[in-house]
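> Take a look at run_21.cif, mmCIF, C-alpha atoms (C1' of nucleotides):
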```
data_final
loop_
_atom_site.group_PDB
_atom_site.id
_atom_site.type_symbol
_atom_site.label_atom_id
_atom_site.label_comp_id
_atom_site.auth_asym_id
_atom_site.auth_seq_id
_atom_site.Cartn_x
_atom_site.Cartn_y
_atom_site.Cartn_z
ATOM 1 C CA MET P 743 31.266 -6.820 4.487
ATOM 2 C CA GLN P 744 28.387 -7.921 2.392
ATOM 3 C CA ASN P 745 28.940 -8.662 -1.264
ATOM 4 C CA GLN P 746 26.130 -6.979 -3.097
ATOM 5 C CA GLN P 747 26.243 -9.451 -5.943
ATOM 6 C CA VAL P 748 25.469 -12.541 -3.944
ATOM 7 C CA LEU P 749 21.774 -13.158 -3.566
ATOM 8 C CA THR P 750 20.182 -15.646 -1.228
ATOM 9 C CA LYS P 751 17.875 -18.383 -2.396
ATOM 10 C CA ASN P 752 14.653 -16.475 -1.847
ATOM 11 C CA GLN P 753 16.061 -13.311 -3.330
ATOM 12 C CA LYS P 754 17.105 -15.212 -6.458
ATOM 13 C CA ILE P 755 13.704 -16.835 -6.835
ATOM 14 C CA VAL P 756 11.884 -13.529 -6.531
ATOM 15 C CA LEU P 757 14.292 -11.669 -8.796
ATOM 16 C CA ASP P 758 14.001 -14.396 -11.394
ATOM 17 C CA ILE P 759 10.223 -14.053 -11.586
ATOM 18 C CA ILE P 760 10.427 -10.282 -11.866
ATOM 19 C CA GLU P 761 13.128 -10.353 -14.519
ATOM 20 C CA LYS P 762 11.110 -12.736 -16.644
ATOM 21 C CA SER P 763 8.200 -10.351 -16.666
ATOM 22 C CA SER P 764 8.193 -7.385 -18.985
ATOM 23 C CA GLN P 765 5.668 -5.685 -16.745
ATOM 24 C CA PRO P 766 5.607 -4.801 -13.054
ATOM 25 C CA LEU P 767 4.455 -7.544 -10.719
ATOM 26 C CA LYS P 768 2.586 -7.164 -7.466
ATOM 27 C CA ALA P 769 3.812 -8.796 -4.309
ATOM 28 C CA TYR P 770 0.946 -11.222 -3.941
ATOM 29 C CA SER P 771 1.097 -12.229 -7.565
ATOM 30 C CA ILE P 772 4.772 -12.969 -7.053
ATOM 31 C CA LEU P 773 3.834 -14.946 -3.960
ATOM 32 C CA PHE P 774 1.393 -17.014 -5.974
ATOM 33 C CA ASP P 775 4.065 -17.749 -8.574
ATOM 34 C CA VAL P 776 6.772 -18.749 -6.127
ATOM 35 C CA LYS P 777 4.661 -21.082 -3.996
ATOM 36 C CA LYS P 778 5.794 -24.003 -6.117
ATOM 37 C CA LYS P 779 9.356 -23.098 -5.215
ATOM 38 C CA GLY P 780 8.774 -23.321 -1.504
ATOM 39 C CA ILE P 781 8.063 -19.742 -0.591
ATOM 40 C CA ASN P 782 4.869 -19.773 1.423
ATOM 41 C CA ALA P 783 4.386 -16.467 3.164
ATOM 42 C CA PRO P 784 4.034 -12.811 2.139
ATOM 43 C CA LEU P 785 6.868 -11.831 4.403
ATOM 44 C CA GLN P 786 9.321 -14.007 2.555
ATOM 45 C CA VAL P 787 8.424 -12.185 -0.638
ATOM 46 C CA TYR P 788 8.455 -8.727 0.928
ATOM 47 C CA ARG P 789 11.840 -9.335 2.515
ATOM 48 C CA ALA P 790 13.297 -10.362 -0.807
ATOM 49 C CA LEU P 791 11.683 -7.377 -2.502
ATOM 50 C CA ASP P 792 13.081 -4.985 0.095
ATOM 51 C CA LYS P 793 16.572 -6.279 -0.430
ATOM 52 C CA LEU P 794 16.308 -6.252 -4.220
ATOM 53 C CA VAL P 795 15.065 -2.676 -4.171
ATOM 54 C CA GLU P 796 17.866 -1.740 -1.792
ATOM 55 C CA ILE P 797 20.574 -3.080 -4.079
ATOM 56 C CA GLY P 798 18.930 -1.636 -7.157
ATOM 57 C CA LYS P 799 18.025 -4.878 -8.926
ATOM 58 C CA ILE P 800 14.374 -3.900 -9.003
ATOM 59 C CA HIS P 801 12.333 -0.759 -8.568
ATOM 60 C CA LYS P 802 8.985 -0.154 -6.988
ATOM 61 C CA ILE P 803 6.372 1.636 -9.052
ATOM 62 C CA GLU P 804 4.888 3.594 -6.191
ATOM 63 C CA SER P 805 1.638 4.548 -7.848
ATOM 64 C CA ARG P 806 0.929 0.916 -8.642
ATOM 65 C CA ASN P 807 2.417 -0.952 -5.698
ATOM 66 C CA ALA P 808 4.294 -3.110 -8.140
ATOM 67 C CA PHE P 809 7.861 -4.114 -8.824
ATOM 68 C CA ILE P 810 9.850 -4.113 -12.047
ATOM 69 C CA ALA P 811 13.368 -5.261 -12.848
ATOM 70 C CA CYS P 812 16.031 -2.664 -13.540
ATOM 71 C CA LYS P 813 17.367 -3.226 -17.028
ATOM 72 C CA ASN P 814 20.238 -0.826 -16.570
ATOM 73 C CA SER P 815 23.030 -3.250 -15.800
ATOM 74 C CA LYS P 816 25.501 -0.445 -15.234
ATOM 75 C CA CYS P 817 24.004 0.756 -11.998
ATOM 76 C CA GLN P 818 23.876 -1.481 -8.988
ATOM 77 C CA ILE P 819 22.199 0.945 -6.721
ATOM 78 C CA THR P 820 19.670 3.101 -8.367
ATOM 79 C CA LYS P 821 18.444 6.108 -6.535
ATOM 80 C CA ALA P 822 17.029 7.927 -9.456
ATOM 81 C CA THR P 823 14.150 6.436 -11.358
ATOM 82 C CA VAL P 824 11.866 7.601 -14.107
ATOM 83 C CA PHE P 825 8.933 5.625 -15.457
ATOM 84 C CA SER P 826 6.277 6.061 -18.078
ATOM 85 C CA ILE P 827 2.925 4.491 -17.313
ATOM 86 C CA CYS P 828 0.055 3.993 -19.728
ATOM 87 C CA GLU P 829 -3.169 4.652 -17.875
ATOM 88 C CA ASN P 830 -5.133 2.511 -20.268
ATOM 89 C CA CYS P 831 -3.143 -0.715 -20.674
ATOM 90 C CA GLU P 832 -0.935 -0.186 -17.607
ATOM 91 C CA ASP P 833 2.200 -0.746 -19.644
ATOM 92 C CA VAL P 834 5.205 0.518 -17.703
ATOM 93 C CA LYS P 835 8.615 1.377 -19.051
ATOM 94 C CA GLU P 836 11.680 2.672 -17.286
ATOM 95 C CA ILE P 837 13.054 5.782 -18.912
ATOM 96 C CA HIS P 838 16.790 6.312 -19.178
ATOM 97 C CA ASP P 839 17.242 9.830 -20.409
ATOM 98 C CA HIS P 840 20.603 11.274 -19.632
ATOM 99 C CA LYS P 841 19.582 14.892 -20.038
ATOM 100 C CA LEU P 842 16.532 14.474 -17.836
ATOM 101 C CA SER P 843 18.516 12.584 -15.192
ATOM 102 C CA GLU P 844 21.165 15.250 -15.059
ATOM 103 C CA HIS P 845 18.554 17.929 -14.743
ATOM 104 C CA LEU P 846 16.864 16.157 -11.832
ATOM 105 C CA LYS P 847 20.072 15.055 -10.186
ATOM 106 C CA HIS P 848 21.263 18.605 -9.918
ATOM 107 C CA TYR P 849 17.965 20.083 -8.950
ATOM 108 C CA LYS P 850 18.143 22.284 -5.886
ATOM 109 C CA ASP P 851 15.278 23.946 -4.151
ATOM 110 C CA ASN P 852 15.565 26.994 -1.957
ATOM 111 C CA LYS P 853 14.831 25.110 1.240
ATOM 112 C CA GLY P 854 18.294 23.769 1.859
ATOM 113 C CA MET P 855 17.327 20.187 1.364
ATOM 114 C CA LYS P 856 19.892 17.607 0.390
ATOM 115 C CA TYR P 857 18.382 15.227 -2.115
ATOM 116 C CA SER P 858 19.768 11.751 -2.341
ATOM 117 C CA LYS P 859 17.180 10.264 -4.645
ATOM 118 C CA TYR P 860 14.042 10.827 -6.619
ATOM 119 C CA ASN P 861 11.263 8.982 -8.355
ATOM 120 C CA LEU P 862 9.388 10.369 -11.330
ATOM 121 C CA GLU P 863 6.311 8.758 -12.840
ATOM 122 C CA PHE P 864 4.812 10.015 -16.103
ATOM 123 C CA PHE P 865 1.217 9.066 -16.899
ATOM 124 C CA GLY P 866 -0.515 9.084 -20.224
ATOM 125 C CA LEU P 867 -1.427 6.900 -23.144
ATOM 126 C CA CYS P 868 1.084 4.733 -24.934
ATOM 127 C CA LYS P 869 1.365 4.773 -28.701
ATOM 128 C CA LYS P 870 -1.066 1.901 -29.091
ATOM 129 C CA CYS P 871 -3.720 3.152 -26.668
ATOM 130 C CA GLY P 872 -3.367 6.742 -27.835
ATOM 131 C CA LYS P 873 -4.664 5.814 -31.294
ATOM 132 C CA ASN P 874 -8.165 4.978 -30.147
ATOM 133 C CA MET N 301 -22.642 20.147 -15.639
ATOM 134 C CA GLN N 302 -20.967 19.874 -12.315
ATOM 135 C CA ASN N 303 -19.585 22.959 -10.701
ATOM 136 C CA GLN N 304 -16.138 22.025 -9.560
ATOM 137 C CA GLN N 305 -16.185 24.511 -6.747
ATOM 138 C CA VAL N 306 -19.135 23.074 -4.910
ATOM 139 C CA LEU N 307 -18.143 20.394 -2.496
ATOM 140 C CA THR N 308 -20.464 18.038 -0.710
ATOM 141 C CA LYS N 309 -20.653 17.731 3.046
ATOM 142 C CA ASN N 310 -18.217 14.833 3.328
ATOM 143 C CA GLN N 311 -15.820 16.342 0.836
ATOM 144 C CA LYS N 312 -15.789 19.591 2.823
ATOM 145 C CA ILE N 313 -15.164 17.808 6.090
ATOM 146 C CA VAL N 314 -12.266 15.803 4.676
ATOM 147 C CA LEU N 315 -10.752 18.744 2.826
ATOM 148 C CA ASP N 316 -10.972 20.851 5.944
ATOM 149 C CA ILE N 317 -8.961 18.357 7.981
ATOM 150 C CA ILE N 318 -6.309 18.069 5.282
ATOM 151 C CA GLU N 319 -6.023 21.808 4.796
ATOM 152 C CA LYS N 320 -5.527 22.350 8.499
ATOM 153 C CA SER N 321 -2.573 19.979 8.512
ATOM 154 C CA SER N 322 0.793 21.139 7.306
ATOM 155 C CA GLN N 323 1.782 17.560 6.678
ATOM 156 C CA PRO N 324 0.256 14.732 4.653
ATOM 157 C CA LEU N 325 -2.470 12.744 6.376
ATOM 158 C CA LYS N 326 -3.262 9.088 5.932
ATOM 159 C CA ALA N 327 -6.774 7.939 5.134
ATOM 160 C CA TYR N 328 -7.365 6.133 8.405
ATOM 161 C CA SER N 329 -5.995 8.994 10.451
ATOM 162 C CA ILE N 330 -8.441 11.250 8.630
ATOM 163 C CA LEU N 331 -11.170 8.720 9.370
ATOM 164 C CA PHE N 332 -10.333 8.846 13.049
ATOM 165 C CA ASP N 333 -10.506 12.651 13.032
ATOM 166 C CA VAL N 334 -13.811 12.908 11.219
ATOM 167 C CA LYS N 335 -15.704 10.345 13.264
ATOM 168 C CA LYS N 336 -16.968 13.100 15.519
ATOM 169 C CA LYS N 337 -18.456 14.743 12.438
ATOM 170 C CA GLY N 338 -20.524 11.737 11.487
ATOM 171 C CA ILE N 339 -18.258 9.996 8.994
ATOM 172 C CA ASN N 340 -18.022 6.394 10.114
ATOM 173 C CA ALA N 341 -16.586 4.264 7.347
ATOM 174 C CA PRO N 342 -13.350 4.148 5.343
ATOM 175 C CA LEU N 343 -15.242 4.301 2.092
ATOM 176 C CA GLN N 344 -16.742 7.644 2.947
ATOM 177 C CA VAL N 345 -13.248 9.009 3.412
ATOM 178 C CA TYR N 346 -11.811 7.350 0.322
ATOM 179 C CA ARG N 347 -14.648 8.631 -1.838
ATOM 180 C CA ALA N 348 -14.079 12.168 -0.660
ATOM 181 C CA LEU N 349 -10.333 11.766 -1.170
ATOM 182 C CA ASP N 350 -10.829 10.474 -4.710
ATOM 183 C CA LYS N 351 -12.950 13.441 -5.618
ATOM 184 C CA LEU N 352 -10.623 15.951 -4.010
ATOM 185 C CA VAL N 353 -7.659 14.469 -5.850
ATOM 186 C CA GLU N 354 -9.627 14.526 -9.082
ATOM 187 C CA ILE N 355 -10.420 18.231 -8.812
ATOM 188 C CA GLY N 356 -6.905 19.073 -7.662
ATOM 189 C CA LYS N 357 -7.701 20.244 -4.146
ATOM 190 C CA ILE N 358 -5.365 17.669 -2.673
ATOM 191 C CA HIS N 359 -2.571 15.435 -3.884
ATOM 192 C CA LYS N 360 -1.609 11.915 -2.978
ATOM 193 C CA ILE N 361 1.966 11.322 -1.926
ATOM 194 C CA GLU N 362 2.310 7.936 -3.573
ATOM 195 C CA SER N 363 5.362 6.754 -1.715
ATOM 196 C CA ARG N 364 3.658 7.457 1.605
ATOM 197 C CA ASN N 365 0.005 6.680 0.905
ATOM 198 C CA ALA N 366 -0.860 10.048 2.309
ATOM 199 C CA PHE N 367 -2.742 13.132 1.205
ATOM 200 C CA ILE N 368 -1.748 16.784 1.312
ATOM 201 C CA ALA N 369 -3.631 19.941 0.375
ATOM 202 C CA CYS N 370 -2.616 21.821 -2.735
ATOM 203 C CA LYS N 371 -1.588 25.320 -1.767
ATOM 204 C CA ASN N 372 -1.485 26.534 -5.316
ATOM 205 C CA SER N 373 -4.840 28.281 -5.525
ATOM 206 C CA LYS N 374 -4.352 29.102 -9.176
ATOM 207 C CA CYS N 375 -4.743 25.584 -10.419
ATOM 208 C CA GLN N 376 -7.976 23.734 -9.924
ATOM 209 C CA ILE N 377 -6.896 20.575 -11.564
ATOM 210 C CA THR N 378 -3.340 19.639 -10.986
ATOM 211 C CA LYS N 379 -1.825 16.996 -13.129
ATOM 212 C CA ALA N 380 1.750 17.823 -12.469
ATOM 213 C CA THR N 381 3.128 17.471 -8.979
ATOM 214 C CA VAL N 382 6.542 17.692 -7.410
ATOM 215 C CA PHE N 383 7.288 16.976 -3.770
ATOM 216 C CA SER N 384 10.294 16.964 -1.519
ATOM 217 C CA ILE N 385 10.255 14.414 1.262
ATOM 218 C CA CYS N 386 12.601 14.265 4.226
ATOM 219 C CA GLU N 387 13.419 10.638 4.918
ATOM 220 C CA ASN N 388 14.213 11.385 8.526
ATOM 221 C CA CYS N 389 11.376 13.542 9.826
ATOM 222 C CA GLU N 390 8.985 12.782 6.948
ATOM 223 C CA ASP N 391 8.396 16.448 6.329
ATOM 224 C CA VAL N 392 6.782 16.889 2.919
ATOM 225 C CA LYS N 393 6.610 20.030 0.842
ATOM 226 C CA GLU N 394 5.127 20.649 -2.547
ATOM 227 C CA ILE N 395 7.566 22.236 -4.929
ATOM 228 C CA HIS N 396 6.410 24.864 -7.373
ATOM 229 C CA ASP N 397 9.328 25.463 -9.682
ATOM 230 C CA HIS N 398 8.346 26.955 -12.965
ATOM 231 C CA LYS N 399 11.495 25.951 -14.808
ATOM 232 C CA LEU N 400 11.301 22.366 -13.575
ATOM 233 C CA SER N 401 7.589 22.137 -14.395
ATOM 234 C CA GLU N 402 8.141 23.417 -17.898
ATOM 235 C CA HIS N 403 10.942 20.968 -18.421
ATOM 236 C CA LEU N 404 8.811 18.053 -17.307
ATOM 237 C CA LYS N 405 5.651 19.231 -19.025
ATOM 238 C CA HIS N 406 7.377 19.259 -22.350
ATOM 239 C CA TYR N 407 9.298 16.082 -21.880
ATOM 240 C CA LYS N 408 8.933 13.650 -24.749
ATOM 241 C CA ASP N 409 10.335 10.175 -24.901
ATOM 242 C CA ASN N 410 11.006 8.324 -28.109
ATOM 243 C CA LYS N 411 8.193 5.837 -27.609
ATOM 244 C CA GLY N 412 5.375 7.967 -28.911
ATOM 245 C CA MET N 413 3.669 8.265 -25.592
ATOM 246 C CA LYS N 414 1.324 11.149 -24.851
ATOM 247 C CA TYR N 415 1.841 12.291 -21.300
ATOM 248 C CA SER N 416 -1.011 13.983 -19.549
ATOM 249 C CA LYS N 417 0.467 14.118 -16.085
ATOM 250 C CA TYR N 418 3.395 13.278 -13.887
ATOM 251 C CA ASN N 419 4.395 12.942 -10.273
ATOM 252 C CA LEU N 420 7.902 13.563 -9.016
ATOM 253 C CA GLU N 421 9.058 12.813 -5.489
ATOM 254 C CA PHE N 422 12.476 13.918 -4.246
ATOM 255 C CA PHE N 423 13.899 12.199 -1.172
ATOM 256 C CA GLY N 424 16.611 13.397 1.124
ATOM 257 C CA LEU N 425 17.233 15.215 4.335
ATOM 258 C CA CYS N 426 15.690 18.549 5.122
ATOM 259 C CA LYS N 427 17.770 21.442 6.397
ATOM 260 C CA LYS N 428 17.129 20.536 10.022
ATOM 261 C CA CYS N 429 17.770 16.808 9.735
ATOM 262 C CA GLY N 430 20.735 17.290 7.431
ATOM 263 C CA LYS N 431 22.665 19.037 10.190
ATOM 264 C CA ASN N 432 22.982 15.965 12.358
ATOM 265 C "C1'" DT R 621 37.579 -24.501 15.135
ATOM 266 C "C1'" DT R 622 34.972 -22.549 18.328
ATOM 267 C "C1'" DA R 623 32.392 -18.760 19.755
ATOM 268 C "C1'" DA R 624 30.164 -14.513 18.748
ATOM 269 C "C1'" DT R 625 27.671 -11.819 15.465
ATOM 270 C "C1'" DT R 626 24.848 -10.851 11.687
ATOM 271 C "C1'" DT R 627 21.746 -12.140 8.231
ATOM 272 C "C1'" DT R 628 18.309 -14.859 6.514
ATOM 273 C "C1'" DT R 629 14.590 -18.037 7.109
ATOM 274 C "C1'" DG R 630 10.049 -19.919 8.328
ATOM 275 C "C1'" DT R 631 5.937 -19.197 10.670
ATOM 276 C "C1'" DT R 632 1.709 -17.272 12.753
ATOM 277 C "C1'" DA R 633 -0.792 -13.494 13.487
ATOM 278 C "C1'" DT R 634 -2.251 -9.020 12.541
ATOM 279 C "C1'" DA R 635 -1.973 -4.176 10.922
ATOM 280 C "C1'" DA R 636 -2.762 -0.853 7.356
ATOM 281 C "C1'" DT R 637 -4.613 0.434 2.988
ATOM 282 C "C1'" DA R 638 -8.364 0.175 -0.244
ATOM 283 C "C1'" DT R 639 -12.560 -1.427 -2.857
ATOM 284 C "C1'" DA R 640 -17.096 -4.237 -4.102
ATOM 285 C "C1'" DA R 641 -21.835 -4.375 -3.836
ATOM 286 C "C1'" DC R 642 -26.225 -2.732 -2.604
ATOM 287 C "C1'" DA R 643 -30.037 0.125 -1.196
ATOM 288 C "C1'" DC R 644 -31.098 4.671 -0.590
ATOM 289 C "C1'" DT R 645 -31.000 10.013 -0.829
ATOM 290 C "C1'" DA R 646 -30.065 14.406 -2.850
ATOM 291 C "C1'" DT R 647 -29.330 17.262 -6.720
ATOM 292 C "C1'" DG R 648 -29.618 18.821 -11.275
ATOM 293 C "C1'" DT R 649 -31.945 18.688 -15.780
ATOM 294 C "C1'" DA R 650 -35.443 18.072 -19.504
ATOM 295 C "C1'" DT D 1433 -43.046 15.265 -13.128
ATOM 296 C "C1'" DA D 1434 -39.785 12.001 -14.615
ATOM 297 C "C1'" DC D 1435 -35.169 11.003 -15.537
ATOM 298 C "C1'" DA D 1436 -30.327 10.984 -14.936
ATOM 299 C "C1'" DT D 1437 -26.304 11.654 -12.218
ATOM 300 C "C1'" DA D 1438 -23.702 11.979 -8.184
ATOM 301 C "C1'" DG D 1439 -23.227 11.273 -3.426
ATOM 302 C "C1'" DT D 1440 -24.407 8.679 1.004
ATOM 303 C "C1'" DG D 1441 -24.400 5.028 4.466
ATOM 304 C "C1'" DT D 1442 -23.506 0.431 5.418
ATOM 305 C "C1'" DT D 1443 -21.582 -4.269 5.643
ATOM 306 C "C1'" DA D 1444 -18.352 -7.111 4.108
ATOM 307 C "C1'" DT D 1445 -14.133 -8.155 2.050
ATOM 308 C "C1'" DA D 1446 -9.945 -7.586 -0.817
ATOM 309 C "C1'" DT D 1447 -5.283 -6.029 -1.074
ATOM 310 C "C1'" DT D 1448 -0.919 -4.525 0.625
ATOM 311 C "C1'" DA D 1449 2.389 -4.775 4.262
ATOM 312 C "C1'" DT D 1450 4.608 -5.534 8.870
ATOM 313 C "C1'" DA D 1451 5.349 -7.282 13.978
ATOM 314 C "C1'" DA D 1452 7.199 -10.692 16.761
ATOM 315 C "C1'" DC D 1453 9.622 -14.788 17.701
ATOM 316 C "C1'" DA D 1454 12.400 -18.943 17.263
ATOM 317 C "C1'" DA D 1455 15.574 -21.363 14.485
ATOM 318 C "C1'" DA D 1456 19.047 -22.034 10.780
ATOM 319 C "C1'" DA D 1457 22.755 -20.413 7.904
ATOM 320 C "C1'" DA D 1458 26.549 -17.537 6.790
ATOM 321 C "C1'" DT D 1459 30.211 -14.447 8.270
ATOM 322 C "C1'" DT D 1460 33.789 -12.740 11.272
ATOM 323 C "C1'" DA D 1461 36.855 -12.664 15.033
ATOM 324 C "C1'" DA D 1462 39.541 -14.809 18.581
#
```
Any chance you could put this one into structure tokens?

Amino acid sequence: MQNQQVLTKNQKIVLDIIEKSSQPLKAYSILFDVKKKGINAPLQVYRALDKLVEIGKIHKIESRNAFIACKNSKCQITKATVFSICENCEDVKEIHDHKLSEHLKHYKDNKGMKYSKYNLEFFGLCKKCGKN
Amino acid sequence: MQNQQVLTKNQKIVLDIIEKSSQPLKAYSILFDVKKKGINAPLQVYRALDKLVEIGKIHKIESRNAFIACKNSKCQITKATVFSICENCEDVKEIHDHKLSEHLKHYKDNKGMKYSKYNLEFFGLCKKCGKN
DNA sequence: TTAATTTTTGTTATAATATAACACTATGTA
DNA sequence: TACATAGTGTTATATTATAACAAAAATTAA
């Protein structure tokens, strides 16, 4: 059985870059950064990204095709994500709001669907950009 | 001032294809379908899509890079979208849940951000696929 | 410890998604 | 009419992502 804590070399390199960034990174920008560490091809980056998303170390911001580290050390596999995105400066923050999470986690429609995860992205202007 | 109801030729053609489909369509599949109507290039499709999204006639399913018609005739500009997506058969439905919408519309974080829109995507198994 | 299995790697090529730039046309407005 | 704005058609190209294959490394089972 696979130990979810143990990352391979490429996975570590990619995770490291993403964790050092406060903002989401795009795959090809990650590729550019890791070339000096011996990762040469897109696929090497995408494979690492896939795995890191799968084990919850990073999340994909779907509307931006970018990846951000999960700061919530408690959860190893995150199936429920909420982000706020500033449409002016593109600043992205993960939102951890217990009340909101509970609300979404227990949401049931009338179609008999079984939800196992969700992704919510809020768009607007951050404090700074909203002033102008 | 532009009348938001009046669509151009290309916009009508693209909207028509999307409205006739019960499921989200991808840009290049739309392109393939509209070639017989004189639309030849990706950009012609993307421009129509952009406009249709802007005026709320269609929505983009971000996690799938696909476009679906908005069935909610009441709203012309939709800034708040909720979808349920079956991860097995890829069936997508727009959810109109007043209580959920209100909850999300009034959501405030503690970062001083002004939200003007949001997109929520639920993932799971639909009734049919959940049985297996 | 060997063999079988699974996972990861490295690589090349290519598929799928999306936009830049430019000249031109149509439409609305003053 | 002249002007402004929005949409069109086109070519080229940028960006994002995966297929396919062989080899190496790690894991597990006998």
> Least-squares align chain P to chain N using all Cα atoms paired by position, then dump the moved coordinates as a compact mmCIF listing (two decimals) with C-alpha atoms, in the frame of the given file.

```txt
# COMPACT_ATOMS: atom_id res chain seq x y z
CA MET P 743 -22.73 20.04 -15.68
CA GLN P 744 -20.98 19.75 -12.40
CA ASN P 745 -19.60 22.86 -10.77
CA GLN P 746 -16.14 21.97 -9.62
CA GLN P 747 -16.21 24.49 -6.81
CA VAL P 748 -19.14 23.05 -4.94
CA LEU P 749 -18.14 20.37 -2.49
CA THR P 750 -20.49 18.03 -0.70
CA LYS P 751 -20.65 17.75 3.05
CA ASN P 752 -18.24 14.84 3.35
CA GLN P 753 -15.84 16.33 0.85
CA LYS P 754 -15.78 19.59 2.82
CA ILE P 755 -15.16 17.81 6.10
CA VAL P 756 -12.27 15.81 4.69
CA LEU P 757 -10.76 18.76 2.84
CA ASP P 758 -10.97 20.86 5.97
CA ILE P 759 -8.95 18.37 8.00
CA ILE P 760 -6.31 18.08 5.30
CA GLU P 761 -6.01 21.83 4.81
CA LYS P 762 -5.50 22.36 8.52
CA SER P 763 -2.57 20.00 8.52
CA SER P 764 0.80 21.16 7.31
CA GLN P 765 1.78 17.56 6.70
CA PRO P 766 0.26 14.74 4.66
CA LEU P 767 -2.46 12.74 6.38
CA LYS P 768 -3.27 9.09 5.93
CA ALA P 769 -6.76 7.94 5.15
CA TYR P 770 -7.36 6.13 8.40
CA SER P 771 -6.00 8.98 10.45
CA ILE P 772 -8.43 11.24 8.63
CA LEU P 773 -11.16 8.73 9.38
CA PHE P 774 -10.31 8.85 13.07
CA ASP P 775 -10.49 12.64 13.05
CA VAL P 776 -13.79 12.91 11.23
CA LYS P 777 -15.69 10.34 13.29
CA LYS P 778 -16.94 13.11 15.54
CA LYS P 779 -18.43 14.74 12.47
CA GLY P 780 -20.49 11.73 11.52
CA ILE P 781 -18.27 10.00 9.03
CA ASN P 782 -18.04 6.40 10.12
CA ALA P 783 -16.59 4.28 7.37
CA PRO P 784 -13.35 4.16 5.37
CA LEU P 785 -15.26 4.31 2.13
CA GLN P 786 -16.75 7.66 2.98
CA VAL P 787 -13.26 9.03 3.45
CA TYR P 788 -11.83 7.36 0.35
CA ARG P 789 -14.67 8.63 -1.81
CA ALA P 790 -14.08 12.16 -0.63
CA LEU P 791 -10.34 11.78 -1.15
CA ASP P 792 -10.85 10.48 -4.69
CA LYS P 793 -12.97 13.45 -5.59
CA LEU P 794 -10.63 15.96 -3.98
CA VAL P 795 -7.67 14.49 -5.83
CA GLU P 796 -9.66 14.54 -9.05
CA ILE P 797 -10.44 18.24 -8.78
CA GLY P 798 -6.94 19.08 -7.65
CA LYS P 799 -7.71 20.26 -4.13
CA ILE P 800 -5.38 17.67 -2.67
CA HIS P 801 -2.59 15.45 -3.89
CA LYS P 802 -1.61 11.94 -2.99
CA ILE P 803 1.97 11.33 -1.93
CA GLU P 804 2.29 7.96 -3.58
CA SER P 805 5.35 6.77 -1.72
CA ARG P 806 3.66 7.45 1.59
CA ASN P 807 0.01 6.68 0.91
CA ALA P 808 -0.87 10.06 2.30
CA PHE P 809 -2.74 13.14 1.21
CA ILE P 810 -1.75 16.79 1.31
CA ALA P 811 -3.62 19.95 0.39
CA CYS P 812 -2.63 21.83 -2.74
CA LYS P 813 -1.58 25.32 -1.76
CA ASN P 814 -1.48 26.55 -5.32
CA SER P 815 -4.82 28.30 -5.52
CA LYS P 816 -4.34 29.12 -9.18
CA CYS P 817 -4.74 25.59 -10.43
CA GLN P 818 -7.96 23.73 -9.93
CA ILE P 819 -6.88 20.56 -11.57
CA THR P 820 -3.34 19.66 -10.99
CA LYS P 821 -1.81 17.02 -13.14
CA ALA P 822 1.76 17.83 -12.47
CA THR P 823 3.13 17.48 -8.99
CA VAL P 824 6.54 17.69 -7.42
CA PHE P 825 7.28 16.98 -3.77
CA SER P 826 10.28 16.97 -1.52
CA ILE P 827 10.25 14.40 1.26
CA CYS P 828 12.60 14.25 4.23
CA GLU P 829 13.40 10.63 4.91
CA ASN P 830 14.20 11.35 8.52
CA CYS P 831 11.36 13.53 9.82
CA GLU P 832 8.95 12.76 6.96
CA ASP P 833 8.37 16.44 6.32
CA VAL P 834 6.76 16.89 2.92
CA LYS P 835 6.62 20.04 0.84
CA GLU P 836 5.11 20.65 -2.55
CA ILE P 837 7.57 22.23 -4.94
CA HIS P 838 6.43 24.87 -7.39
CA ASP P 839 9.34 25.48 -9.68
CA HIS P 840 8.38 26.97 -12.97
CA LYS P 841 11.53 25.96 -14.80
CA LEU P 842 11.32 22.39 -13.58
CA SER P 843 7.61 22.16 -14.42
CA GLU P 844 8.17 23.43 -17.92
CA HIS P 845 10.97 20.98 -18.43
CA LEU P 846 8.82 18.05 -17.32
CA LYS P 847 5.69 19.24 -19.04
CA HIS P 848 7.42 19.27 -22.37
CA TYR P 849 9.33 16.09 -21.88
CA LYS P 850 8.96 13.66 -24.75
CA ASP P 851 10.35 10.20 -24.94
CA ASN P 852 11.02 8.32 -28.14
CA LYS P 853 8.21 5.85 -27.62
CA GLY P 854 5.39 7.99 -28.92
CA MET P 855 3.67 8.28 -25.61
CA LYS P 856 1.34 11.15 -24.88
CA TYR P 857 1.85 12.31 -21.33
CA SER P 858 -1.00 13.99 -19.57
CA LYS P 859 0.48 14.12 -16.10
CA TYR P 860 3.41 13.30 -13.91
CA ASN P 861 4.39 12.95 -10.29
CA LEU P 862 7.90 13.56 -9.03
CA GLU P 863 9.05 12.81 -5.50
CA PHE P 864 12.47 13.91 -4.25
CA PHE P 865 13.89 12.19 -1.17
CA GLY P 866 16.60 13.37 1.12
CA LEU P 867 17.22 15.20 4.35
CA CYS P 868 15.67 18.55 5.13
CA LYS P 869 17.77 21.42 6.41
CA LYS P 870 17.12 20.52 10.02
CA CYS P 871 17.74 16.77 9.73
CA GLY P 872 20.71 17.25 7.42
CA LYS P 873 22.67 18.99 10.19
CA ASN P 874 22.98 15.92 12.38
```
> Any idea what's packed within 9 Å of stretch 1446-1452 of chain D, counting only C-alpha atoms (C1' of nucleotides), ignoring anything in its chain fewer than 2 positions away? Could you give it as a PyMOL selection string?
(chain P and resi 769-770+784-785+788+807) or (chain R and resi 633-640)
> Using all atoms listed in the file and a distance of at most 8 Å, pull out the residues of chain N that contact chain P, as a ChimeraX atom specification.
/N:362-363,395,409,411-427,430
